[in-house]
There are 6 protein chains.
Amino acid sequence: MARLLVLNPNTSSAMTRAIAIAAEQAAAGRAEVSAVQPPLGPESIEGQFDEVVSAYHSLDAVLRIREECDAVIVACYSVHPVIGALREALRQPVIGIMEASILCALPLGARFSVVTTSARWQPLLADGVRALGFWDRCASIRSSGLAVLDLERLPAEEVRSRLVAEARLAVERDGSEVICLGCAGMAGLEEAISSLLGVPVVEGVAAGVGLAISLVAAGLGTAKEGLYRPVDRRPGAGLPEGIARIYEGAEPRRGR
Amino acid sequence: MARLLVLNPNTSSAMTRAIAIAAEQAAAGRAEVSAVQPPLGPESIEGQFDEVVSAYHSLDAVLRIREECDAVIVACYSVHPVIGALREALRQPVIGIMEASILCALPLGARFSVVTTSARWQPLLADGVRALGFWDRCASIRSSGLAVLDLERLPAEEVRSRLVAEARLAVERDGSEVICLGCAGMAGLEEAISSLLGVPVVEGVAAGVGLAISLVAAGLGTAKEGLYRPVDRRPGAGLPEGIARIYEGAEPRRGR
Amino acid sequence: MARLLVLNPNTSSAMTRAIAIAAEQAAAGRAEVSAVQPPLGPESIEGQFDEVVSAYHSLDAVLRIREECDAVIVACYSVHPVIGALREALRQPVIGIMEASILCALPLGARFSVVTTSARWQPLLADGVRALGFWDRCASIRSSGLAVLDLERLPAEEVRSRLVAEARLAVERDGSEVICLGCAGMAGLEEAISSLLGVPVVEGVAAGVGLAISLVAAGLGTAKEGLYRPVDRRPGAGLPEGIARIYEGAEPRRGR
Amino acid sequence: MARLLVLNPNTSSAMTRAIAIAAEQAAAGRAEVSAVQPPLGPESIEGQFDEVVSAYHSLDAVLRIREECDAVIVACYSVHPVIGALREALRQPVIGIMEASILCALPLGARFSVVTTSARWQPLLADGVRALGFWDRCASIRSSGLAVLDLERLPAEEVRSRLVAEARLAVERDGSEVICLGCAGMAGLEEAISSLLGVPVVEGVAAGVGLAISLVAAGLGTAKEGLYRPVDRRPGAGLPEGIARIYEGAEPRRGR
Amino acid sequence: MARLLVLNPNTSSAMTRAIAIAAEQAAAGRAEVSAVQPPLGPESIEGQFDEVVSAYHSLDAVLRIREECDAVIVACYSVHPVIGALREALRQPVIGIMEASILCALPLGARFSVVTTSARWQPLLADGVRALGFWDRCASIRSSGLAVLDLERLPAEEVRSRLVAEARLAVERDGSEVICLGCAGMAGLEEAISSLLGVPVVEGVAAGVGLAISLVAAGLGTAKEGLYRPVDRRPGAGLPEGIARIYEGAEPRRGR
Amino acid sequence: MARLLVLNPNTSSAMTRAIAIAAEQAAAGRAEVSAVQPPLGPESIEGQFDEVVSAYHSLDAVLRIREECDAVIVACYSVHPVIGALREALRQPVIGIMEASILCALPLGARFSVVTTSARWQPLLADGVRALGFWDRCASIRSSGLAVLDLERLPAEEVRSRLVAEARLAVERDGSEVICLGCAGMAGLEEAISSLLGVPVVEGVAAGVGLAISLVAAGLGTAKEGLYRPVDRRPGAGLPEGIARIYEGAEPRRGR
């Protein structure tokens, strides 16, 4: 049975727990799930500054336990820089939940929209969708105006109704046919939103779990020619243990 | 347990059997698989003429048994017109193996290539990759020069070595990092090719099965707003039974 | 004098007659026009399901009389799958009216819009414009909300005023400079709409006739290298006569 | 009968005569053709410097006789700046032969190539194809290395064989299915090249004549909203007569 | 110290003076600035017709004094045809202010907008942004409805408030983060608009001066391979002196 | 006089010194230059893993001295994640040398190429060029096969001749007209390579210095609406001082 490691790159333990639960429900017994968060860094990720700080500590945290999993799921809804860094360091598949949710949305409708949290994510996710190469299928990226931590702090009903309102605009004004929930903290809301709106709603943690199980079952891992070839060996003195070990060349585990 | 229906849109029973076996191996007990082929039409699909003829009979064949499955996998490596037609008629997910294989390849490397059969598929799949919106991530589409039916007729070793030769050009000249096998008839060759080349090789039937299981597990179905909204009710007199029933408005089964 | 065959791929005889009249007026004595419709299939084409069903019967209908024309015009405003199938089977030019109308619009203004019928056509024609490669010049695709058959059923004035209202939005909100009428059933309305709006209005059947005459005069036919090379010879048993003859390899007529 | 004015923007009278003959053959009695060239400027157009110099004198030359034609064909294979300037000044259609030849090529095959003269045209026509919005359908732009005036000076056979050699590379290496001849001075060579290569070869002057006849027959003219709205009235003192008259506001003839 | 030549391609002496002052302020003693305007042509440039007329006389005016400068700045906010023509004729850098302003805007924010004068510039600048290759970073092109000469004629406050209103829409509706002022006649307004709006506002003349100083300091000049290789030698009889000298082959000054 | 801070994000002091010298030469007295490197991290940056590790320590190093400069130049030839992070934290302009070198190359020729070091940079810089929005103007990204540290270790002549060889392929095979040197460690080689090749060669550190001086002179800073709005205030306990101060909300210095 595939062993999935879910990384929450922020330091909110409550969010890590919620993500772990969502991942286990999605796995539904088809995979073993464990979760990890960095020991230090921002308690929510609200932009590129937070990405850089969280990437460093997250990278180290995952690398310390990299032998214990068959795939890594990065549970931040973005093209988080830790994803590329982990792909260089590992042979297992490394999946971002943004990418996974869009990959699930594409066969379901002509155009998808992402409904996310605060305003800065709008341009940042738009650039992310372009970077992943999905721009032509994207109807819109819409901010709900909620902060990441609002998702836990506000009454569930208020969160839901603000997300539904924004998703409805995506459908009615932007011609979107499928909604992707643009934050790991929205896990668990997909059914309610889908039944209110009448369109498929894809949640990223579940999508990431499904894709990871699929790839592991097919014996597929990260390509080691080209962009993700192994990290060059160099001195690692002074760096945290997980990172240092990669520089000093402990050979990563072989996937297929 | 999800019930998957795999459609082979050509009339080669040998290929239908081979595809069914590949699908069952990929499902590995996680789903029930059945396979269907049209009663009439070309015995291999080598272009748009064949697509039109096979789409008609395939559409009818699937619609006659549409209640008996939770997802449909169209096992022709193309943007086959039956995919869009089935999505209008059904609420279940309908997945093409071309789309599925690319969706699996994307998280594994920066660029993918498709290695396909005869020369006409080169421009046709290039247009298909554009239509799906994945062009920016595509390093190349390469024809091996093999006909679809050669995959069964020629010695396995010759088939393998011609595909490896073409895939190697994709990696070395085109900068591809992941190879997608561009014909349902290539199922079963992925491991051999991957170990010879040292890059991940994605096979479409397996990719389709994995994605279908994922979508069914997440309760996701085809969007019914926009491009795939239900077929308008109209007279169906004279048309084959499966098609006629859709025109005459028997309501499709509800997904989520 | 060029002999043009206009295919109406739906089974509405009234629409076939109207299209034939529009084509003859456009030809204005410069070409001989005949029209054909399939014996079976939907009486209007409202999406991909209808395209698949109509393509099969239309393909056969045209192929039975393929020696009797110098060019084929497919009078459905879409990238209808029968167009590619016919191009494989024939050496004569095969022209879709969507493509023809856009080709006429491009030299007249910076951006064009398509004003079409019901809502599903919006994403479908948007994909079609992308597939044809004209996306950068397209200001918008707008649905009038009319069904194809409404064009005949409703009072002429109502049809006209709804099309003008939608076209005006294309000009004023989307920055369109030229309007393409997005349904063969709109033939005959172009002058009225143009004089009300003050912008050029291109009608597809007329555009198709003009382009067909041009290509025939220049001795140009469908390329037989690459995407449209001749259909591979295979058994045709059980298939309708026009289709079977192509599979069994009766050589298509040679153009230039 | 439509009156077509063909502008040769260079000052080679031999080329003007050759273009006029090609245009008349293409019209084949379906239109009246007259030709014009500027009194001053370069005797061939080999880049943007020549375009600017020739545009000024050509603009004036056409405007002096603008009442005497129903459409203007600009017989320089480029996005020559006089095209846009004339479209602002006139209501008749104004057609460039580059645009016309590509519009004819698109329905005939999946990808086209342009085979042109000297090396500078390669980047210039590539930019032109992008500006027109046809980049996705373009397989390549290839320079034959011939200068424009070589087309007249060299033995016909040498010209032909160099163009065929280059066109063959377009087909075999670049996957082109249709060839566009990239210089007005190549008119008359299309049949020979096509029969040697076995692919359709489109000649721009003929394509421009066909398109112009089509647009005039359909009553279509340049859009006067947006990019090509009429020139603002301003003082014209000191400018040549044709240009001055436009600035001083003599109203252009009304098309549809 | 770099000697910069600023070309105002229209014949408004007031605008030439204003542009010269703006350029000198931007140079702030780091470069010597001189300005030139053509002796004949439109007094403002409002489209492609004006571009063609002004390009001819501007080209000649600059070429007469081409030895006296280290870089040329073309102070018309467009992809004015004189830019490419000058690049063929010169080895010094030739910079358009539209290009320069966008190059400055790109490192400051995710998306930029251009706020320009009259309505025709909207499609024309949109095409220009595409031609320069910056389309993916462009949030919008917005017309203020002001004519070029209104910038001098109307009260400063009215001009400012109309530009601010339009720029605010660019920020609030289109998601623009940086504003480019889309007319040389707007020089001097950037600070007022920026402080009212709270976003960076880039003025093209200043941007052009900064870029020119940079390129000259780095010893960089126009590439003479490819698009901008020197003009072919040909007879120049009858043409104005500056242009004729280029045709007759006086060798352009060598940059690096 | 503008105070420029040049960040070398790797820990090679030799490279920091070389970059500082290059920056001072480029400034040529027009600006004050200081240089900084992180205390910890990889001694060269060879991919995304190195980017993540270096970004963290570089971010902190710059933020500790953020009051002491008017602009920051990030001297790693990539879309290094520290660039976006710094733009959120600062109001001064923050410039990457990749972006700066391309911005300088664009006005000089139709297409540019980047000649870089080791093979992984090929796909990484290709993605970077796309992310910056310059893909349509990029002829190629070519790896010389040299490691970053080879630039210092190998004899100067060998380095030069390998870069020239690769740049020549860019010009002759890919149609490039301008070469960008794709590594900060190549500063100082531009003149030699340019004179050997005969095309303009842009060096990133010099380009960054020129652009920074320009932006500071024009009073322009990072946009604080949208993508780069200030970092949200949150607890910074345990984080390095420069980073922690940003989280704890010490207000960044105001630019214009």
# chains A, B, ... in the order shown; residues from 1 in each chain; ligands from 1
$ residues_around --residues "Ser176 in chain D" --least-positions-apart "2" --cutoff "12 Å" --atoms "only C-alpha atoms" --output "VMD selection string"
(chain B and resid 122 to 123) or (chain C and resid 223 to 227) or (chain D and resid 105 to 106 108 to 115 137 to 142 166 to 174 178 to 180 197 199 to 201)
$ interface_residues --of "chain B" --to "chain C" --cutoff "6 Å" --atoms "only C-alpha atoms" --output "PyMOL selection string"
chain B and resi 48-49+53+56+84-85+120+123+226-227
$ select_by_dssp --residues "range 90-201 of chain E" --states "alpha helix (DSSP H)" --output "VMD selection string"
chain E and resid 97 to 105 121 to 132 150 to 153 156 to 172 190 to 197
$ residues_around --residues "Ala187 in chain E" --least-positions-apart "3" --cutoff "8 Å" --atoms "only C-alpha atoms" --output "ChimeraX atom specification"
/E:18-19,22,183-184,190,203-206
$ write_last_selection --atoms "C-alpha atoms" --output "JSON list (two decimals), in the first residue's frame"
[["chain", "number", "residue", "atom", "x", "y", "z"],
["E", 18, "ALA", "CA", 8.15, 69.90, -24.52],
["E", 19, "ILE", "CA", 9.68, 66.54, -25.38],
["E", 22, "ALA", "CA", 11.38, 66.21, -20.63],
["E", 183, "CYS", "CA", 1.69, 59.53, -25.50],
["E", 184, "ALA", "CA", 4.86, 61.61, -25.63],
["E", 190, "GLU", "CA", 3.78, 61.14, -14.23],
["E", 203, "GLU", "CA", 6.64, 58.10, -18.71],
["E", 204, "GLY", "CA", 8.07, 57.03, -22.05],
["E", 205, "VAL", "CA", 10.48, 59.86, -22.87],
["E", 206, "ALA", "CA", 12.20, 59.50, -19.49]]
